[in-house]
Amino acid sequence: MRPPRVQFITKIFNFHTNSNRHGDVGLDSIHYNWSLALTISKVLISLQSLLTNPYCNVRMEPAIGRLYRNNKIELHACGLGSMRGITLSC
């Protein structure tokens, strides 16, 4: 059995260090450590944890990860701009 496909479809999460601009999520329990013992509820708990505490050592979008570590004010401005369709130099 294959792991579930987890992808964000709203723009709000497409500006996150652990997801890419296409909405794909970098969650190791899905991509590398998948087991039939992992239920959907456990996947959702892992996803919630990743959103609450981003893992910046492995980033799907390196520029966003750098902003997260170094300049959270600019990160939030760029994130809001991307949700509104505004292109900023982030």
# chains A, B, ... in the order shown; residues from 1 in each chain; ligands from 1
call {"tool": "residues_around", "arguments": {"residues": "A:Val6", "least_positions_apart": "4", "cutoff": "10 Å", "atoms": "only C-alpha atoms", "output": "PyMOL selection string"}}
result
chain A and resi 23-27+30+43-44+47
call {"tool": "select_by_dssp", "arguments": {"residues": "chain A", "states": "alpha helix (DSSP H)", "output": "PyMOL selection string"}}
result
chain A and resi 28-31+40-52+62-70+72-83
call {"tool": "write_last_selection", "arguments": {"atoms": "C-alpha atoms", "output": "mmCIF file, in the first residue's frame"}}
result
data_model
loop_
_atom_site.group_PDB
_atom_site.id
_atom_site.type_symbol
_atom_site.label_atom_id
_atom_site.label_comp_id
_atom_site.auth_asym_id
_atom_site.auth_seq_id
_atom_site.Cartn_x
_atom_site.Cartn_y
_atom_site.Cartn_z
ATOM 1 C CA ASP A 28 9.276 12.556 6.272
ATOM 2 C CA SER A 29 6.693 10.173 7.743
ATOM 3 C CA ILE A 30 4.952 10.188 4.366
ATOM 4 C CA HIS A 31 7.894 10.248 1.991
ATOM 5 C CA ILE A 40 -4.572 9.274 8.642
ATOM 6 C CA SER A 41 -5.035 10.782 12.118
ATOM 7 C CA LYS A 42 -1.317 10.301 12.814
ATOM 8 C CA VAL A 43 -0.440 11.907 9.482
ATOM 9 C CA LEU A 44 -2.648 14.885 10.329
ATOM 10 C CA ILE A 45 -1.046 15.226 13.764
ATOM 11 C CA SER A 46 2.397 15.198 12.102
ATOM 12 C CA LEU A 47 1.230 17.827 9.634
ATOM 13 C CA GLN A 48 -0.142 20.003 12.431
ATOM 14 C CA SER A 49 3.159 19.713 14.270
ATOM 15 C CA LEU A 50 5.112 20.666 11.138
ATOM 16 C CA LEU A 51 2.959 23.756 10.620
ATOM 17 C CA THR A 52 3.325 24.795 14.257
ATOM 18 C CA PRO A 62 15.320 27.447 0.727
ATOM 19 C CA ALA A 63 14.583 31.182 0.357
ATOM 20 C CA ILE A 64 11.507 30.904 2.572
ATOM 21 C CA GLY A 65 13.501 28.881 5.113
ATOM 22 C CA ARG A 66 16.176 31.591 5.253
ATOM 23 C CA LEU A 67 13.515 34.240 5.825
ATOM 24 C CA TYR A 68 11.965 32.107 8.576
ATOM 25 C CA ARG A 69 15.285 31.907 10.387
ATOM 26 C CA ASN A 70 16.537 35.442 9.767
ATOM 27 C CA LYS A 72 10.168 36.766 10.266
ATOM 28 C CA ILE A 73 8.696 40.237 9.629
ATOM 29 C CA GLU A 74 9.691 40.086 5.955
ATOM 30 C CA LEU A 75 8.553 36.447 5.797
ATOM 31 C CA HIS A 76 5.050 37.389 6.953
ATOM 32 C CA ALA A 77 4.913 40.356 4.552
ATOM 33 C CA CYS A 78 5.947 38.128 1.646
ATOM 34 C CA GLY A 79 3.481 35.437 2.677
ATOM 35 C CA LEU A 80 0.595 37.891 2.824
ATOM 36 C CA GLY A 81 1.641 39.359 -0.497
ATOM 37 C CA SER A 82 1.752 35.935 -2.159
ATOM 38 C CA MET A 83 -1.747 35.122 -0.865
#
call {"tool": "atom_distance", "arguments": {"atom1": "atom CA of A:Cys56", "atom2": "atom CA of A:Ser35"}}
result
24.3 Å
call {"tool": "atom_distance", "arguments": {"atom1": "atom CA of A:Ala37", "atom2": "atom CA of A:Met1"}}
result
11.2 Å
call {"tool": "closest_residue", "arguments": {"among": "A:Arg2, A:Thr17, A:Trp34, A:Thr10", "to": "A:Asn57", "atoms": "only C-alpha atoms"}}
result
A:Thr17
call {"tool": "atom_distance", "arguments": {"atom1": "atom CA of A:Asn33", "atom2": "atom CA of A:Arg5"}}
result
14.0 Å
call {"tool": "residues_around", "arguments": {"residues": "A:Asn18", "least_positions_apart": "2", "cutoff": "6 Å", "atoms": "only C-alpha atoms", "output": "JSON list (two decimals) with all heavy atoms, in the first residue's frame"}}
result
[["chain", "number", "residue", "atom", "x", "y", "z"],
["A", 16, "HIS", "N", 5.38, 28.36, 2.95],
["A", 16, "HIS", "CA", 5.85, 27.72, 4.18],
["A", 16, "HIS", "C", 7.15, 27.02, 3.87],
["A", 16, "HIS", "O", 7.33, 26.48, 2.78],
["A", 16, "HIS", "CB", 4.80, 26.73, 4.67],
["A", 16, "HIS", "CG", 5.06, 26.18, 6.03],
["A", 16, "HIS", "ND1", 5.89, 25.11, 6.24],
["A", 16, "HIS", "CD2", 4.61, 26.56, 7.25],
["A", 16, "HIS", "CE1", 5.95, 24.85, 7.53],
["A", 16, "HIS", "NE2", 5.17, 25.71, 8.17],
["A", 26, "GLY", "N", 6.64, 18.55, 2.66],
["A", 26, "GLY", "CA", 7.82, 17.77, 3.00],
["A", 26, "GLY", "C", 7.68, 17.16, 4.38],
["A", 26, "GLY", "O", 8.16, 17.72, 5.36],
["A", 59, "ARG", "N", 14.62, 22.10, 3.85],
["A", 59, "ARG", "CA", 13.59, 23.03, 3.37],
["A", 59, "ARG", "C", 13.24, 22.72, 1.93],
["A", 59, "ARG", "O", 14.11, 22.47, 1.11],
["A", 59, "ARG", "CB", 14.09, 24.46, 3.47],
["A", 59, "ARG", "CG", 14.53, 24.82, 4.88],
["A", 59, "ARG", "CD", 15.20, 26.16, 4.89],
["A", 59, "ARG", "NE", 16.52, 26.08, 4.31],
["A", 59, "ARG", "CZ", 17.61, 26.54, 4.88],
["A", 59, "ARG", "NH1", 17.54, 27.11, 6.04],
["A", 59, "ARG", "NH2", 18.77, 26.45, 4.29],
["A", 60, "MET", "N", 11.97, 22.77, 1.62],
["A", 60, "MET", "CA", 11.54, 22.58, 0.24],
["A", 60, "MET", "C", 11.73, 23.88, -0.54],
["A", 60, "MET", "O", 11.93, 23.86, -1.74],
["A", 60, "MET", "CB", 10.10, 22.12, 0.19],
["A", 60, "MET", "CG", 9.92, 20.73, 0.77],
["A", 60, "MET", "SD", 8.28, 20.08, 0.57],
["A", 60, "MET", "CE", 8.31, 19.62, -1.15]]
call {"tool": "select_by_dssp", "arguments": {"residues": "chain A", "states": "strand (DSSP E or B)", "output": "list in words"}}
result
Gln7, Ser19, Asp24 and Val25 of chain A
